[in-house]
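Dropping protein20.txt in here (compact mmCIF, C-alpha atoms):
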```txt
# COMPACT_ATOMS: atom_id res chain seq x y z
CA MET M 249 30.45 22.97 -1.21
CA ALA M 250 27.16 21.34 -0.21
CA VAL M 251 27.07 18.43 2.22
CA ASP M 252 27.68 15.34 0.16
CA LYS M 253 25.45 12.32 0.22
CA CYS M 254 26.15 8.83 -1.05
CA VAL M 255 24.03 9.44 -4.10
CA SER M 256 23.92 12.86 -5.65
CA PRO M 257 22.02 12.60 -8.91
CA ALA M 258 23.41 14.45 -11.90
CA LYS M 259 21.35 15.15 -14.98
CA GLY M 260 23.71 13.61 -17.53
CA PRO M 261 23.17 14.94 -21.06
CA ILE M 262 21.09 18.11 -21.21
CA GLN M 263 19.45 18.17 -24.59
CA SER M 264 17.35 21.06 -25.75
CA ASP M 265 13.81 20.06 -26.58
CA THR M 266 13.65 20.61 -30.30
CA GLY M 267 10.52 18.62 -31.01
CA ALA M 268 7.10 20.17 -31.37
CA ALA M 269 4.81 20.12 -28.34
CA ALA M 270 3.36 16.66 -27.80
CA PRO M 271 -0.37 16.23 -28.32
CA PRO M 272 -2.45 16.15 -25.12
CA GLY M 273 -2.49 12.79 -23.40
CA ILE M 274 1.00 11.80 -24.58
CA ASP M 275 3.42 11.18 -21.74
CA THR M 276 6.46 13.30 -22.61
CA SER M 277 8.44 12.02 -19.64
CA ILE M 278 9.28 8.89 -21.65
CA LYS M 279 12.06 9.89 -24.01
CA GLU M 280 14.00 7.92 -26.54
CA ALA M 281 17.39 6.69 -25.41
CA PRO M 282 20.05 9.27 -26.28
CA LYS M 283 21.99 8.71 -29.48
CA MET M 284 25.32 10.02 -30.61
CA ILE M 285 24.92 13.62 -31.65
CA ALA M 286 28.46 14.99 -31.19
CA ARG M 287 29.84 16.34 -34.50
CA VAL M 288 32.78 18.54 -35.30
CA GLY M 289 31.66 22.02 -36.30
CA LYS M 290 28.45 21.62 -34.27
CA PRO M 291 27.69 22.79 -30.73
CA ALA M 292 28.92 20.59 -27.90
CA ILE M 293 26.23 18.71 -25.97
CA ASP M 294 25.89 20.05 -22.48
CA PHE M 295 25.70 17.66 -19.52
CA GLU M 296 25.84 17.62 -15.75
CA ALA M 297 28.01 15.07 -13.92
CA ASN M 298 29.28 14.18 -10.46
CA ALA M 299 32.87 15.27 -10.15
CA PHE M 300 35.90 14.78 -7.94
CA VAL M 301 37.80 18.06 -8.01
CA GLU M 302 40.57 19.41 -5.81
CA GLY M 303 39.91 16.83 -3.13
CA GLY M 304 36.14 17.41 -2.90
CA PHE M 305 32.92 16.30 -4.53
CA THR M 306 30.63 18.51 -6.56
CA ASN M 307 28.35 18.41 -9.56
CA LEU M 308 29.37 20.41 -12.60
CA LYS M 309 28.16 21.14 -16.10
CA LEU M 310 30.17 21.31 -19.30
CA SER M 311 28.55 24.70 -19.91
CA ASP M 312 30.21 26.00 -16.71
CA TYR M 313 33.30 26.25 -18.93
CA LYS M 314 31.62 28.08 -21.84
CA GLY M 315 33.88 30.86 -23.13
CA LYS M 316 37.06 28.81 -22.60
CA TRP M 317 38.82 26.20 -24.68
CA ILE M 318 37.82 22.79 -23.29
CA ILE M 319 39.63 19.47 -23.65
CA LEU M 320 37.09 16.74 -22.88
CA CYS M 321 38.73 13.32 -22.42
CA PHE M 322 36.89 10.03 -21.98
CA TYR M 323 38.81 6.94 -20.80
CA PRO M 324 37.85 3.35 -20.03
CA GLY M 325 38.50 3.31 -16.31
CA ASP M 326 40.46 4.23 -13.22
CA PHE M 327 43.18 1.69 -12.29
CA THR M 328 43.40 0.34 -15.83
CA PHE M 329 46.74 0.00 -17.57
CA VAL M 330 46.98 2.52 -20.40
CA MET O 296 47.24 27.86 -23.96
CA GLY O 297 44.41 28.58 -21.54
CA ALA O 298 42.43 25.36 -21.92
CA GLU O 299 40.39 23.61 -19.27
CA VAL O 300 40.79 19.83 -19.12
CA LEU O 301 37.94 17.57 -17.98
CA SER O 302 38.26 13.79 -17.74
CA VAL O 303 35.28 11.44 -17.84
CA SER O 304 34.89 7.75 -17.08
CA THR O 305 32.09 5.52 -15.85
CA ASP O 306 33.82 5.24 -12.45
CA SER O 307 32.13 6.91 -9.50
CA ARG O 308 33.61 10.01 -7.87
CA PHE O 309 34.54 7.77 -4.93
CA ILE O 310 36.73 5.62 -7.19
CA HIS O 311 38.23 8.79 -8.69
CA LYS O 312 39.20 9.88 -5.17
CA ILE O 313 40.87 6.60 -4.25
CA TRP O 314 42.62 6.26 -7.62
CA THR O 315 43.97 9.80 -7.22
CA GLU O 316 45.19 9.10 -3.70
CA GLU O 317 46.53 5.58 -4.21
CA GLU O 318 48.09 5.63 -7.66
CA LEU O 319 48.03 8.96 -9.48
CA SER O 320 49.68 10.69 -6.53
CA LYS O 321 52.74 8.50 -7.21
CA MET O 322 52.86 9.60 -10.87
CA VAL O 323 51.93 13.25 -10.31
CA PRO O 324 53.01 14.31 -6.82
CA THR O 325 51.59 17.81 -7.26
CA GLY O 326 48.04 16.47 -7.65
CA ILE O 327 45.53 16.18 -10.47
CA PRO O 328 44.76 19.74 -11.60
CA TYR O 329 41.51 19.02 -13.48
CA PRO O 330 38.03 17.80 -12.51
CA MET O 331 37.38 14.06 -12.87
CA LEU O 332 33.78 13.44 -13.90
CA SER O 333 31.59 10.36 -13.47
CA ASP O 334 29.44 9.04 -16.26
CA GLY O 335 27.63 6.21 -14.53
CA GLY O 336 25.44 4.44 -17.07
CA GLY O 337 27.34 5.94 -19.99
CA LYS O 338 24.67 8.49 -20.91
CA ILE O 339 27.21 11.22 -21.57
CA GLY O 340 29.50 8.85 -23.47
CA THR O 341 26.55 7.77 -25.58
CA VAL O 342 25.79 11.25 -26.92
CA TYR O 343 29.52 11.75 -27.56
CA GLY O 344 29.70 8.41 -29.41
CA VAL O 345 32.25 6.80 -27.09
CA TYR O 346 30.16 4.52 -24.86
CA ASP O 347 30.74 0.79 -25.42
CA GLU O 348 27.49 -0.86 -24.30
CA ASP O 349 29.03 -4.35 -24.33
CA ALA O 350 31.90 -3.42 -22.02
CA GLY O 351 29.94 -0.81 -20.08
CA VAL O 352 32.72 1.77 -20.33
CA ASP O 353 33.53 4.99 -22.17
CA ILE O 354 36.33 4.29 -24.64
CA ARG O 355 39.21 6.67 -25.26
CA GLY O 356 37.62 9.73 -26.88
CA ARG O 357 39.03 13.24 -26.88
CA PHE O 358 37.22 16.41 -27.94
CA ILE O 359 38.44 19.99 -28.40
CA ILE O 360 35.64 22.50 -27.74
CA ASP O 361 36.15 26.18 -28.61
CA PRO O 362 35.05 29.23 -26.56
CA ASP O 363 31.82 29.40 -28.60
CA PHE O 364 31.02 25.87 -27.34
CA VAL O 365 31.55 24.34 -30.80
CA ILE O 366 33.30 20.97 -31.10
CA ARG O 367 36.43 21.51 -33.24
CA ALA O 368 38.13 18.11 -33.09
CA MET O 369 37.48 14.58 -31.95
CA GLU O 370 39.69 11.50 -31.71
CA VAL O 371 38.43 8.11 -30.57
CA LEU O 372 40.67 5.09 -29.91
CA THR O 373 39.93 1.62 -28.60
CA PRO O 374 41.32 1.24 -25.09
CA GLU O 375 44.63 -0.54 -25.80
CA VAL O 376 46.37 2.51 -27.30
CA GLY O 377 47.00 5.66 -25.30
CA ARG O 378 46.79 9.23 -26.53
CA ASN O 379 49.49 11.42 -28.08
CA VAL O 380 49.42 14.60 -26.01
CA SER O 381 51.80 16.38 -28.44
CA GLU O 382 49.24 16.01 -31.21
CA LEU O 383 46.45 17.27 -28.96
CA ILE O 384 48.53 20.37 -28.15
CA ARG O 385 49.37 20.89 -31.84
CA GLN O 386 45.69 20.75 -32.79
CA LEU O 387 44.69 23.10 -29.98
CA LYS O 388 47.37 25.62 -31.02
CA ALA O 389 46.28 25.29 -34.66
CA PHE O 390 42.62 26.01 -33.84
CA GLN O 391 43.67 28.92 -31.64
CA HIS O 392 45.83 30.27 -34.49
CA VAL O 393 42.91 30.00 -36.93
CA ARG O 394 40.60 31.76 -34.52
CA ALA O 395 43.08 34.57 -33.84
CA THR O 396 44.27 35.22 -37.40
CA GLY O 397 41.72 33.86 -39.88
CA GLU O 398 44.54 31.90 -41.49
CA VAL O 399 44.26 28.15 -42.08
CA THR O 400 46.88 25.57 -41.20
CA PRO O 401 48.04 23.08 -43.84
CA SER O 402 48.86 19.43 -43.18
CA GLY O 403 51.79 19.03 -40.80
CA TRP O 404 51.58 22.63 -39.55
CA GLN O 405 53.45 23.28 -36.34
CA PRO O 406 53.33 26.43 -34.19
CA GLY O 407 55.69 29.00 -35.69
CA ARG O 408 55.45 27.61 -39.22
CA PRO O 409 53.65 29.58 -41.96
CA ALA O 410 49.90 29.19 -42.27
CA LEU O 411 47.85 30.01 -45.35
CA LYS O 412 45.67 33.04 -46.02
CA PRO O 413 42.56 31.69 -47.74
CA GLY O 414 41.14 33.73 -50.59
CA PRO O 415 41.02 34.12 -54.38
CA ASP O 416 44.74 34.90 -54.61
CA LEU O 417 45.67 31.52 -53.16
CA VAL O 418 43.62 29.49 -55.62
CA GLY O 419 45.99 27.34 -57.69
CA LYS O 420 48.97 28.77 -55.80
CA VAL O 421 49.11 26.49 -52.77
CA TRP O 422 52.03 24.68 -54.44
CA LYS O 423 54.10 27.83 -53.89
CA GLU O 424 53.37 27.79 -50.17
CA TRP O 425 53.27 24.11 -49.29
CA SER O 426 54.88 20.86 -50.43
CA PRO O 427 54.43 17.27 -49.27
CA GLU O 428 57.61 17.14 -47.18
CA LYS O 429 56.05 19.81 -44.95
CA ALA O 430 53.41 17.28 -43.94
CA PHE O 431 55.89 15.55 -41.62
```
Here is a file; write its structure as structure tokens.
Amino acid sequence: MAVDKCVSPAKGPIQSDTGAAAPPGIDTSIKEAPKMIARVGKPAIDFEANAFVEGGFTNLKLSDYKGKWIILCFYPGDFTFV
Amino acid sequence: MGAEVLSVSTDSRFIHKIWTEEELSKMVPTGIPYPMLSDGGGKIGTVYGVYDEDAGVDIRGRFIIDPDFVIRAMEVLTPEVGRNVSELIRQLKAFQHVRATGEVTPSGWQPGRPALKPGPDLVGKVWKEWSPEKAF
């Protein structure tokens, strides 16, 4: 595991670039804010995130688990009640 | 069942560590066996449709993703109500049954109960195989 720093940027959602090539002079680094694209029956959206796993810190991608069944659970926050 | 669990919240990995050590260790003495991910800023929650911009948190969403990386099921609740793990397991076993056999599982199906073989012979004959009391 790499030496951990206070801030270890993760990419977040990794969306394939489906749009046509931008015309010259257009700054493609400015992208629209991501919108909901998760749908049943459609491919999962890959992402990279900081993780706490087995006592250590690492960054991992959803696609690291490709080929397995994945249960992805979101929840409102650590130390909350439910 | 061979599934990998990943949890995601907007908390940092540092908070995940302290929560695990301070509180979860008292509920689950053997430790948390799955990775806890951080979604600071809610970008991941946004593309999965579970980020609440007003509260700044990811609400309670659960997704089943199959080995081909296709989303098979999703359930999203507002924060006050917790999940039903039995239903998650039932759905996972149902999708695994479908994938293994090509059969389809009617309403209320439980592991071990008959599933249906889709095809021309079943058209108009589902009543022979399934009745409403089997939904419960």
Item checked: Contacts of stretch 402-404 of chain O within 8 Å, all atoms listed in the file, excl. fewer than 3 positions in-chain, as a VMD selection string -> chain O and resid 389 408 to 410 429 to 431
Per residue of chain O within 8 Å of chain M, which atom pair is closest and at what distance in Å (one decimal), using all atoms listed in the file, listed by chain and increasing number, as a Markdown table?
```
| residue | atom | partner | partner_atom | distance |
| --- | --- | --- | --- | --- |
| O:Gly297 | CA | M:Trp317 | CA | 6.8 |
| O:Ala298 | CA | M:Trp317 | CA | 4.6 |
| O:Glu299 | CA | M:Ile318 | CA | 4.8 |
| O:Val300 | CA | M:Ile319 | CA | 4.7 |
| O:Leu301 | CA | M:Leu320 | CA | 5.0 |
| O:Ser302 | CA | M:Cys321 | CA | 4.7 |
| O:Val303 | CA | M:Phe322 | CA | 4.7 |
| O:Ser304 | CA | M:Tyr323 | CA | 5.5 |
| O:Thr305 | CA | M:Gly325 | CA | 6.8 |
| O:Asp306 | CA | M:Gly325 | CA | 6.4 |
| O:Ser307 | CA | M:Asn298 | CA | 7.9 |
| O:Arg308 | CA | M:Phe300 | CA | 5.3 |
| O:Phe309 | CA | M:Phe300 | CA | 7.7 |
| O:Ile310 | CA | M:Asp326 | CA | 7.2 |
| O:His311 | CA | M:Phe300 | CA | 6.5 |
| O:Lys312 | CA | M:Phe300 | CA | 6.5 |
| O:Trp314 | CA | M:Asp326 | CA | 6.3 |
| O:Glu318 | CA | M:Phe327 | CA | 7.8 |
| O:Ile327 | CA | M:Glu302 | CA | 7.5 |
| O:Pro328 | CA | M:Glu302 | CA | 7.2 |
| O:Tyr329 | CA | M:Val301 | CA | 6.7 |
| O:Pro330 | CA | M:Val301 | CA | 4.5 |
| O:Met331 | CA | M:Phe300 | CA | 5.2 |
| O:Leu332 | CA | M:Ala299 | CA | 4.3 |
| O:Ser333 | CA | M:Asn298 | CA | 5.4 |
| O:Asp334 | CA | M:Ala297 | CA | 6.6 |
| O:Lys338 | CA | M:Gly260 | CA | 6.2 |
| O:Ile339 | CA | M:Pro261 | CA | 5.5 |
| O:Gly340 | CA | M:Phe322 | CA | 7.6 |
| O:Thr341 | CA | M:Met284 | CA | 5.6 |
| O:Val342 | CA | M:Met284 | CA | 3.9 |
| O:Tyr343 | CA | M:Ala286 | CA | 5.0 |
| O:Gly344 | CA | M:Met284 | CA | 4.8 |
| O:Val345 | CA | M:Phe322 | CA | 7.6 |
| O:Val352 | CA | M:Pro324 | CA | 5.4 |
| O:Asp353 | CA | M:Pro324 | CA | 5.1 |
| O:Ile354 | CA | M:Pro324 | CA | 4.9 |
| O:Arg355 | CA | M:Tyr323 | CA | 4.5 |
| O:Gly356 | CA | M:Phe322 | CA | 5.0 |
| O:Arg357 | CA | M:Cys321 | CA | 4.5 |
| O:Phe358 | CA | M:Leu320 | CA | 5.1 |
| O:Ile359 | CA | M:Ile319 | CA | 4.9 |
| O:Ile360 | CA | M:Ile318 | CA | 5.0 |
| O:Asp361 | CA | M:Trp317 | CA | 4.8 |
| O:Pro362 | CA | M:Gly315 | CA | 4.0 |
| O:Asp363 | CA | M:Gly315 | CA | 6.0 |
| O:Phe364 | CA | M:Pro291 | CA | 5.7 |
| O:Val365 | CA | M:Pro291 | CA | 4.2 |
| O:Ile366 | CA | M:Val288 | CA | 4.9 |
| O:Arg367 | CA | M:Val288 | CA | 5.1 |
| O:Ala368 | CA | M:Val288 | CA | 5.8 |
| O:Met369 | CA | M:Val288 | CA | 7.0 |
| O:Pro374 | CA | M:Pro324 | CA | 6.5 |
| O:Glu375 | CA | M:Val330 | CA | 6.6 |
| O:Val376 | CA | M:Val330 | CA | 6.9 |
| O:Gly377 | CA | M:Val330 | CA | 5.8 |
```
Next item on the list: Have a look at atom CA of O:Gly337 and atom CA of O:Glu382 and let me know their distance in Å, one decimal.
Entry: 26.6 Å
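Here atom CA of O:Glu317 stands at a distance of 23.8 Å from atom CA of M:Ser256.
Reported to one decimal place, the separation of atom CA of O:Glu398 from atom CA of O:Pro413 is 6.6 Å.
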Size and centre in Å, one decimal, axis-aligned box, all listed stretch 334-350 of chain O atoms plus 4 Å per side, as lines of an AutoDock Vina configuration file:
```
center_x = 28.5
center_y = 3.7
center_z = -22.0
size_x = 15.6
size_y = 24.1
size_z = 22.9
```
